[in-house]
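Novice: Here you go, model.txt (compact mmCIF, C-alpha atoms):
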# COMPACT_ATOMS: atom_id res chain seq x y z
CA MET S 1 -7.48 -35.76 11.48
CA LYS S 2 -8.76 -32.82 9.50
CA ASN S 3 -11.24 -32.03 12.25
CA GLU S 4 -8.45 -32.09 14.81
CA GLU S 5 -6.41 -29.70 12.66
CA MET S 6 -9.39 -27.36 12.34
CA HIS S 7 -10.01 -27.57 16.08
CA GLN S 8 -6.38 -26.64 16.74
CA ASP S 9 -6.56 -23.86 14.18
CA ASN S 10 -9.66 -22.33 15.77
CA PHE S 11 -8.20 -22.63 19.25
CA PHE S 12 -5.00 -20.93 18.12
CA LYS S 13 -6.94 -18.19 16.33
CA GLY S 14 -8.83 -17.53 19.54
CA LEU S 15 -5.55 -17.21 21.44
CA ILE S 16 -3.98 -14.83 18.92
CA GLN S 17 -7.06 -12.66 18.81
CA LYS S 18 -6.92 -12.38 22.62
CA SER S 19 -3.56 -10.67 22.37
CA ASP S 20 -3.02 -6.98 21.73
CA LEU S 21 -1.39 -5.29 18.78
CA GLU S 22 1.03 -2.43 19.21
CA LYS S 23 -0.59 0.93 18.61
CA PRO S 24 1.01 4.01 17.09
CA LEU S 25 0.57 7.43 18.75
CA ASP S 26 -2.93 8.92 18.80
CA SER S 27 -1.84 11.59 16.33
CA PHE S 28 -0.85 8.97 13.74
CA THR S 29 -3.97 9.18 11.56
CA ASP S 30 -3.88 13.00 11.61
CA ARG S 31 -0.24 12.96 10.54
CA VAL S 32 -0.98 10.61 7.64
CA MET S 33 -3.92 12.77 6.59
CA ALA S 34 -1.71 15.88 6.76
CA GLY S 35 0.89 14.01 4.70
CA ILE S 36 -1.56 13.20 1.93
CA GLN S 37 -2.80 16.80 1.81
CA LEU S 38 0.67 18.04 0.84
CA PRO S 39 0.60 19.23 -2.79
CA GLY S 40 3.23 16.68 -3.85
CA ALA S 41 1.28 13.81 -2.34
CA LYS S 42 -2.01 14.62 -4.00
CA PRO S 43 -2.81 12.22 -6.81
CA TYR S 44 -4.27 13.78 -9.92
CA TYR S 45 -6.10 11.46 -12.21
CA LEU S 46 -6.12 12.15 -15.94
CA ASN S 47 -9.41 11.35 -17.53
CA ILE S 48 -7.81 9.50 -20.40
CA GLN S 49 -6.28 6.09 -20.66
CA LYS S 50 -2.53 5.62 -20.78
CA SER S 51 -2.67 4.24 -24.33
CA THR S 52 -4.70 7.25 -25.55
CA PHE S 53 -2.25 9.61 -23.88
CA TYR S 54 0.61 8.23 -25.98
CA LEU S 55 -1.50 7.70 -29.09
CA ILE S 56 -2.40 11.38 -29.54
CA PRO S 57 1.16 12.78 -29.86
CA ALA S 58 2.26 9.73 -31.87
CA LEU S 59 -0.54 10.21 -34.40
CA SER S 60 0.02 13.98 -34.53
CA PHE S 61 3.70 13.42 -35.22
CA ILE S 62 2.99 10.93 -38.00
CA VAL S 63 0.38 13.20 -39.64
CA LEU S 64 2.67 16.25 -39.48
CA THR S 65 5.67 14.36 -40.85
CA ILE S 66 3.66 12.93 -43.74
CA SER S 67 2.15 16.34 -44.53
CA TRP S 68 5.55 18.00 -44.40
CA PHE S 69 7.02 15.67 -47.02
CA LEU S 70 3.95 14.95 -49.13
CA PHE S 71 2.71 18.49 -49.36
CA PRO S 72 5.77 20.78 -49.50
CA TYR S 73 3.63 23.64 -50.75
CA LEU S 74 1.90 23.60 -47.32
CA LYS S 75 5.20 24.44 -45.66
CA ASN S 76 5.83 27.34 -48.06
CA LEU S 77 2.28 28.52 -47.66
CA LEU S 78 2.58 28.56 -43.87
CA LEU S 79 5.92 30.34 -43.89
CA GLU S 80 4.77 32.90 -46.45
CA TYR S 81 1.60 33.50 -44.54
CA PHE S 82 3.28 34.02 -41.18
CA ASP S 83 6.49 35.67 -42.32
CA PRO S 84 5.24 39.21 -43.01
CA PHE S 85 3.60 39.34 -39.61
CA LEU S 86 6.64 37.94 -37.83
CA VAL S 87 9.05 40.23 -39.63
CA SER S 88 7.10 43.37 -38.80
CA PHE S 89 6.63 42.20 -35.19
CA LEU S 90 10.31 41.46 -34.79
CA LYS S 91 11.34 44.70 -36.40
CA SER S 92 9.37 46.71 -33.90
CA ALA S 93 10.64 44.54 -31.06
CA LEU S 94 14.22 45.00 -32.19
CA HIS S 95 13.66 48.70 -32.56
CA ASN S 96 12.53 48.92 -28.96
CA PHE S 97 15.65 47.14 -27.80
CA SER S 98 17.88 48.95 -30.28
CA GLY S 99 21.41 47.75 -30.18
CA LEU S 100 20.66 44.80 -27.94
CA PHE S 101 19.74 42.19 -30.55
CA GLN S 102 21.23 43.78 -33.65
CA LYS S 103 23.93 41.20 -34.09
CA VAL S 104 21.67 38.22 -33.39
CA GLN S 105 20.41 36.60 -36.53
CA ILE S 106 17.77 33.93 -36.11
CA SER S 107 15.53 32.69 -38.88
CA SER S 108 11.85 33.46 -38.58
CA THR S 109 11.04 29.71 -38.48
CA THR S 110 13.23 29.26 -35.36
CA ILE S 111 11.65 32.27 -33.73
CA ALA S 112 8.19 30.93 -34.56
CA ILE S 113 9.09 27.62 -32.91
CA ILE S 114 10.53 29.31 -29.79
CA ILE S 115 7.50 31.58 -29.45
CA SER S 116 5.14 28.62 -29.91
CA ILE S 117 6.90 26.61 -27.19
CA LEU S 118 6.93 29.54 -24.77
CA GLY S 119 3.29 30.24 -25.56
CA LEU S 120 2.30 26.64 -24.94
CA PHE S 121 4.28 26.59 -21.69
CA ALA S 122 2.57 29.79 -20.48
CA PHE S 123 -0.79 28.35 -21.51
CA ASP S 124 -0.10 25.13 -19.61
CA VAL S 125 1.07 26.93 -16.48
CA PHE S 126 -1.99 29.17 -16.54
CA PHE S 127 -4.49 26.34 -16.79
CA ASN S 128 -2.68 23.89 -14.54
CA ARG S 129 -1.28 26.26 -11.93
CA ASP S 130 -3.15 24.48 -9.11
CA LYS S 131 -1.78 21.13 -10.23
CA MET S 132 1.85 22.12 -10.67
CA TRP S 133 3.35 19.86 -7.99
CA ARG S 134 0.89 17.02 -8.18
CA LYS S 135 1.70 13.53 -9.26
CA TYR S 136 -0.18 12.37 -12.31
CA PHE S 137 -1.81 9.03 -12.77
CA PHE S 138 -3.76 7.57 -15.61
CA SER S 139 -7.32 6.38 -15.15
CA GLN S 140 -7.74 2.58 -15.09
CA MET Q 1 -48.75 -17.91 6.47
CA LYS Q 2 -45.13 -16.98 6.15
CA ILE Q 3 -42.57 -18.54 8.38
CA ILE Q 4 -39.45 -16.49 8.81
CA VAL Q 5 -36.45 -18.53 9.72
CA SER Q 6 -33.61 -16.63 11.29
CA CYS Q 7 -30.36 -18.05 10.04
CA ASN Q 8 -27.74 -16.62 12.30
CA ARG Q 9 -24.75 -18.33 10.76
CA ARG Q 10 -21.31 -17.18 11.65
CA PRO Q 11 -19.62 -15.89 8.47
CA SER Q 12 -16.85 -18.11 7.22
CA ARG Q 13 -13.24 -16.94 6.87
CA SER Q 14 -13.75 -16.11 3.19
CA SER Q 15 -17.08 -14.30 3.51
CA LYS Q 16 -15.86 -12.21 6.45
CA GLN Q 17 -12.78 -11.30 4.48
CA GLN Q 18 -14.90 -10.54 1.45
CA MET Q 19 -17.00 -8.09 3.47
CA ALA Q 20 -13.92 -6.35 4.86
CA SER Q 21 -12.42 -6.17 1.41
CA ASN Q 22 -15.63 -4.72 -0.07
CA THR Q 23 -15.66 -2.00 2.58
CA ASP Q 24 -12.11 -1.11 1.65
CA GLN Q 25 -13.10 -0.95 -2.03
CA ILE Q 26 -15.87 1.52 -1.21
CA TYR Q 27 -13.40 3.85 0.53
CA ILE Q 28 -10.88 3.45 -2.28
CA ASP Q 29 -13.51 4.45 -4.84
CA LYS Q 30 -14.39 7.50 -2.74
CA VAL Q 31 -10.74 8.57 -2.58
CA LEU Q 32 -10.32 8.08 -6.32
CA ASN Q 33 -13.41 10.20 -6.89
CA GLY Q 34 -11.78 13.07 -5.03
CA ASP Q 35 -12.91 12.50 -1.43
CA SER Q 36 -9.49 12.25 0.21
CA SER Q 37 -11.05 12.25 3.71
CA ALA Q 38 -12.31 8.69 3.02
CA TYR Q 39 -8.70 7.57 3.29
CA LYS Q 40 -8.91 8.21 7.05
CA MET Q 41 -11.15 5.15 7.42
CA LEU Q 42 -8.57 2.97 5.69
CA VAL Q 43 -5.78 4.37 7.88
CA ASP Q 44 -7.74 3.78 11.08
CA LYS Q 45 -8.63 0.26 10.03
CA HIS Q 46 -5.15 -0.93 9.11
CA LYS Q 47 -2.74 1.24 11.13
CA ASP Q 48 -2.33 -1.08 14.16
CA MET Q 49 -1.44 -4.16 12.11
CA ALA Q 50 0.84 -2.17 9.80
CA PHE Q 51 2.56 -0.49 12.74
CA SER Q 52 2.98 -3.77 14.65
CA ILE Q 53 4.67 -5.43 11.66
CA ALA Q 54 6.97 -2.44 11.17
CA LEU Q 55 7.82 -2.22 14.87
CA LYS Q 56 8.66 -5.90 15.10
CA ILE Q 57 11.09 -5.55 12.20
CA VAL Q 58 12.72 -2.17 12.84
CA ARG Q 59 12.43 -2.37 16.65
CA THR Q 60 12.21 1.34 17.46
CA ARG Q 61 8.83 3.05 17.81
CA GLU Q 62 9.97 6.29 16.13
CA ASP Q 63 11.28 4.50 13.05
CA ALA Q 64 8.24 2.24 12.89
CA GLU Q 65 5.86 5.23 13.09
CA GLU Q 66 7.71 7.14 10.39
CA LEU Q 67 7.94 4.10 8.16
CA THR Q 68 4.27 3.20 8.55
CA GLN Q 69 3.25 6.80 7.93
CA ASP Q 70 5.34 6.91 4.74
CA ALA Q 71 3.82 3.60 3.63
CA PHE Q 72 0.29 4.99 4.01
CA VAL Q 73 1.20 8.14 2.05
CA LYS Q 74 2.86 6.03 -0.65
CA ALA Q 75 -0.20 3.78 -0.87
CA TYR Q 76 -2.39 6.88 -1.22
CA GLN Q 77 -0.25 8.26 -4.03
CA LYS Q 78 -0.35 4.97 -5.89
CA LEU Q 79 -3.96 4.17 -5.18
CA SER Q 80 -4.97 4.53 -8.82
CA SER Q 81 -2.40 1.92 -9.81
CA PHE Q 82 -3.67 -0.50 -7.14
CA ARG Q 83 -4.94 -3.57 -8.97
CA ARG Q 84 -8.19 -4.80 -7.55
CA ASP Q 85 -7.25 -8.45 -7.93
CA SER Q 86 -5.77 -8.33 -4.44
CA LYS Q 87 -7.03 -6.84 -1.19
CA PHE Q 88 -5.99 -3.35 -0.11
CA SER Q 89 -4.70 -4.77 3.18
CA THR Q 90 -2.47 -7.31 1.36
CA TRP Q 91 -1.08 -4.54 -0.84
CA LEU Q 92 -0.54 -2.16 2.09
CA TYR Q 93 1.12 -4.75 4.35
CA ARG Q 94 3.45 -5.65 1.50
CA ILE Q 95 4.51 -1.99 1.19
CA VAL Q 96 5.06 -1.78 4.96
CA TYR Q 97 6.87 -5.11 5.12
CA ASN Q 98 9.22 -4.27 2.24
CA ALA Q 99 9.91 -0.78 3.60
CA ALA Q 100 10.74 -2.21 7.01
CA ILE Q 101 13.04 -4.83 5.51
CA SER Q 102 14.81 -2.20 3.40
CA HIS Q 103 15.13 -0.06 6.50
CA THR Q 104 16.97 -2.79 8.35
CA ARG Q 105 19.23 -3.21 5.27
CA LYS Q 106 18.55 -6.93 5.22
CA ARG Q 107 16.51 -8.75 2.66
CA ARG Q 108 15.91 -11.69 4.92
CA LEU Q 109 14.53 -11.55 8.38
CA GLU Q 110 16.10 -13.30 11.30
CA SER Q 111 14.05 -16.35 11.95
CA THR Q 112 14.44 -19.07 14.53
CA GLU Q 113 14.42 -22.42 12.89
CA LEU Q 114 11.91 -24.55 14.70
CA THR Q 115 13.03 -28.05 13.90
CA PRO Q 116 10.36 -30.75 13.86
CA GLY Q 117 12.34 -32.79 16.38
CA THR Q 118 11.91 -30.16 19.07
CA ILE Q 119 8.17 -30.06 18.61
CA GLU Q 120 6.09 -32.38 20.68
CA ASN Q 121 2.43 -32.99 20.14
CA TYR Q 122 0.17 -31.24 22.57
CA SER Q 123 -3.53 -31.66 22.39
CA VAL Q 124 -5.78 -28.64 22.40
CA ASP Q 125 -7.73 -30.06 25.33
CA GLU Q 126 -4.57 -30.37 27.41
CA ILE Q 127 -3.63 -26.77 26.73
CA SER Q 128 -7.09 -25.34 27.18
CA GLU Q 129 -7.27 -27.17 30.51
CA SER Q 130 -4.01 -25.56 31.61
CA MET Q 131 -5.16 -22.17 30.31
CA GLY Q 132 -8.50 -22.65 32.05
CA ARG Q 133 -6.76 -22.50 35.40
CA MET Q 134 -5.86 -18.87 34.67
CA ASP Q 135 -8.21 -15.89 34.55
CA ALA Q 136 -8.79 -13.96 31.32
CA GLU Q 137 -6.27 -11.26 32.20
CA GLN Q 138 -3.53 -13.80 32.97
CA GLN Q 139 -4.28 -15.66 29.73
CA LYS Q 140 -4.01 -12.45 27.72
CA LYS Q 141 -0.77 -11.50 29.44
CA LEU Q 142 0.72 -14.91 28.74
CA VAL Q 143 -0.29 -14.92 25.06
CA ASN Q 144 1.03 -11.35 24.66
CA LYS Q 145 4.32 -12.41 26.22
CA LEU Q 146 4.71 -15.42 23.91
CA ILE Q 147 3.79 -13.47 20.79
CA ASP Q 148 6.19 -10.73 21.81
CA GLN Q 149 9.01 -13.27 22.01
CA LEU Q 150 8.48 -14.40 18.42
CA PRO Q 151 10.97 -13.28 15.76
CA ALA Q 152 9.68 -10.70 13.24
CA LEU Q 153 8.85 -13.13 10.45
CA GLU Q 154 6.96 -15.55 12.67
CA PHE Q 155 5.15 -12.67 14.34
CA THR Q 156 4.09 -11.35 10.94
CA LEU Q 157 2.95 -14.76 9.72
CA ILE Q 158 0.75 -15.65 12.66
CA ASN Q 159 -0.80 -12.20 12.88
CA LEU Q 160 -1.63 -12.08 9.19
CA TYR Q 161 -3.05 -15.61 9.23
CA TYR Q 162 -4.86 -15.83 12.55
CA ARG Q 163 -5.70 -12.21 13.32
CA LYS Q 164 -6.25 -10.67 9.87
CA GLU Q 165 -7.32 -14.02 8.42
CA LEU Q 166 -5.42 -13.57 5.19
CA SER Q 167 -5.01 -16.62 2.98
CA ILE Q 168 -1.74 -18.53 2.56
CA ASP Q 169 -1.35 -17.09 -0.96
CA GLU Q 170 -1.85 -13.53 0.27
CA ILE Q 171 0.72 -14.02 3.04
CA SER Q 172 3.04 -15.55 0.50
CA SER Q 173 2.78 -12.45 -1.72
CA ILE Q 174 3.44 -10.13 1.24
CA THR Q 175 6.46 -11.98 2.60
CA ASP Q 176 7.89 -13.38 -0.65
CA LEU Q 177 7.90 -16.87 0.87
CA SER Q 178 6.50 -19.78 -1.07
CA ALA Q 179 3.02 -20.97 -0.07
CA SER Q 180 4.36 -24.30 1.17
CA ASN Q 181 6.99 -22.52 3.23
CA VAL Q 182 4.33 -20.32 4.82
CA LYS Q 183 2.29 -23.43 5.69
CA VAL Q 184 5.26 -25.22 7.24
CA LYS Q 185 6.27 -22.16 9.21
CA LEU Q 186 2.74 -21.63 10.51
CA TYR Q 187 2.55 -25.27 11.60
CA ARG Q 188 5.85 -25.02 13.42
CA ILE Q 189 5.01 -21.73 15.10
CA ARG Q 190 1.73 -23.15 16.30
CA LYS Q 191 3.35 -26.25 17.73
CA ALA Q 192 6.13 -24.26 19.36
CA MET Q 193 3.62 -21.88 20.87
CA TYR Q 194 1.57 -24.78 22.22
CA ARG Q 195 4.68 -26.13 23.88
CA ASP Q 196 5.53 -22.75 25.42
CA LEU Q 197 1.95 -22.16 26.48
CA GLN Q 198 1.86 -25.50 28.24
CA LYS Q 199 5.12 -24.81 30.05
CA GLU Q 200 4.15 -21.28 31.04
CA ALA Q 201 0.67 -22.30 32.11
CA ASN Q 202 2.09 -25.04 34.32
CA LYS Q 203 4.60 -22.59 35.77
CA GLU Q 204 1.81 -20.12 36.57
CA PHE Q 205 -0.24 -22.91 38.12
CA ASN Q 206 2.64 -24.04 40.33
CA LYS Q 207 3.32 -20.44 41.36
CA ILE Q 208 -0.26 -19.99 42.51
CA TYR Q 209 -0.62 -23.29 44.34
CA SER Q 210 2.86 -23.74 45.83
Just give me the structure of the file as structure tokens.
Specialist:
Amino acid sequence: MKNEEMHQDNFFKGLIQKSDLEKPLDSFTDRVMAGIQLPGAKPYYLNIQKSTFYLIPALSFIVLTISWFLFPYLKNLLLEYFDPFLVSFLKSALHNFSGLFQKVQISSTTIAIIISILGLFAFDVFFNRDKMWRKYFFSQ
Amino acid sequence: MKIIVSCNRRPSRSSKQQMASNTDQIYIDKVLNGDSSAYKMLVDKHKDMAFSIALKIVRTREDAEELTQDAFVKAYQKLSSFRRDSKFSTWLYRIVYNAAISHTRKRRLESTELTPGTIENYSVDEISESMGRMDAEQQKKLVNKLIDQLPALEFTLINLYYRKELSIDEISSITDLSASNVKVKLYRIRKAMYRDLQKEANKEFNKIYS
């Protein structure tokens, strides 16, 4: 019985393989290859594992938070160290745009944060400008 | 004295499939290592089957081409997330199949219910005798005609099983049917096709000799 089934199966396979499949246009492969060359379609593989990718900012956040509360003198030290520079820098900047920012009062800490974020963004754009529109994947 | 014995065994279904799958893995590794041109080999290898499945479901060539093209691009984009526990072809056909189903806005495909009562038993010898009366071109034409008449789901099942030689479990994961359902459907399609082949072959024979 099993032999008969196998015989039928092989016969049927032979029949199916005699038939033709539908074929797309000749340009199909070229169109797919053009599609995958588009910047948005290009996969970019990060050389780190997904878990590591999330672990780094998580650990950094924990370390910074603990330091902030456990060592308050660090905070004061940082602010004192950077303040004179920031104040003189801002004074000259404000002088150049006299009248424009006179009524705006922002603490030096906020300005430091804004400048850091903008700096990091510019840094990121500069080093990843060829990968701007790529999709990112983690390595396996 | 050494005796070299040539063992020209035909590869079994699983070893043939294993070889094809290994070739795919080589191209996938090349693509993941930055050689995007290696993807061309995968496209050329699987485009006809993928396109045929899509065409059978969506029914217009333009839509089927666009859909298959999108499926290949999508597979490329997600290649790094492709889990190697399945074959690339199984994964790709699943993307194509699901995209085509979504395109038709139906989750289930129309399928003709082939009830066991309508299926008679035909022996392979009987059918091959009838087919033997036709030349190769006529046989091919007849088989093409019968396959073309099959509904989309049945067409997909027999092509994946008999042409691409995928396993029942692989077909089950592509079509979302249970393994036992795939088996039953394949059995019924085969029997129904035997019946139609017999009828058509007899018709052809009578046409020639009347």
Novice: Suppose you want the space between atom CA of Ser180 of chain Q and atom CA of Lys145 of chain Q; what is it in Å?
Specialist: 27.7 Å
Novice: Looking at Q:Thr156, Q:Ser81, Q:Gln149, Q:Ser130, which one is nearest to Asn202 of chain Q, with distances taken over all atoms listed in the file?
Specialist: Q:Ser130
Novice: Kindly determine which residues of chain Q lie within 7 Å of chain S, considering all atoms listed in the file, and give the answer as number ranges by chain.
Specialist: Q: 40, 43-44, 48-49, 51-52, 65, 69, 72-73, 77, 80, 124, 140, 143-144, 162-163
Novice: One number please: atom CA of Ile26 of chain Q to atom CA of Ala38 of chain Q, in Å, one decimal.
Specialist: 9.1 Å
Novice: Can you measure atom CA of Val58 of chain Q to atom CA of Ala152 of chain Q for me? One decimal in Å is fine.
Specialist: 9.1 Å
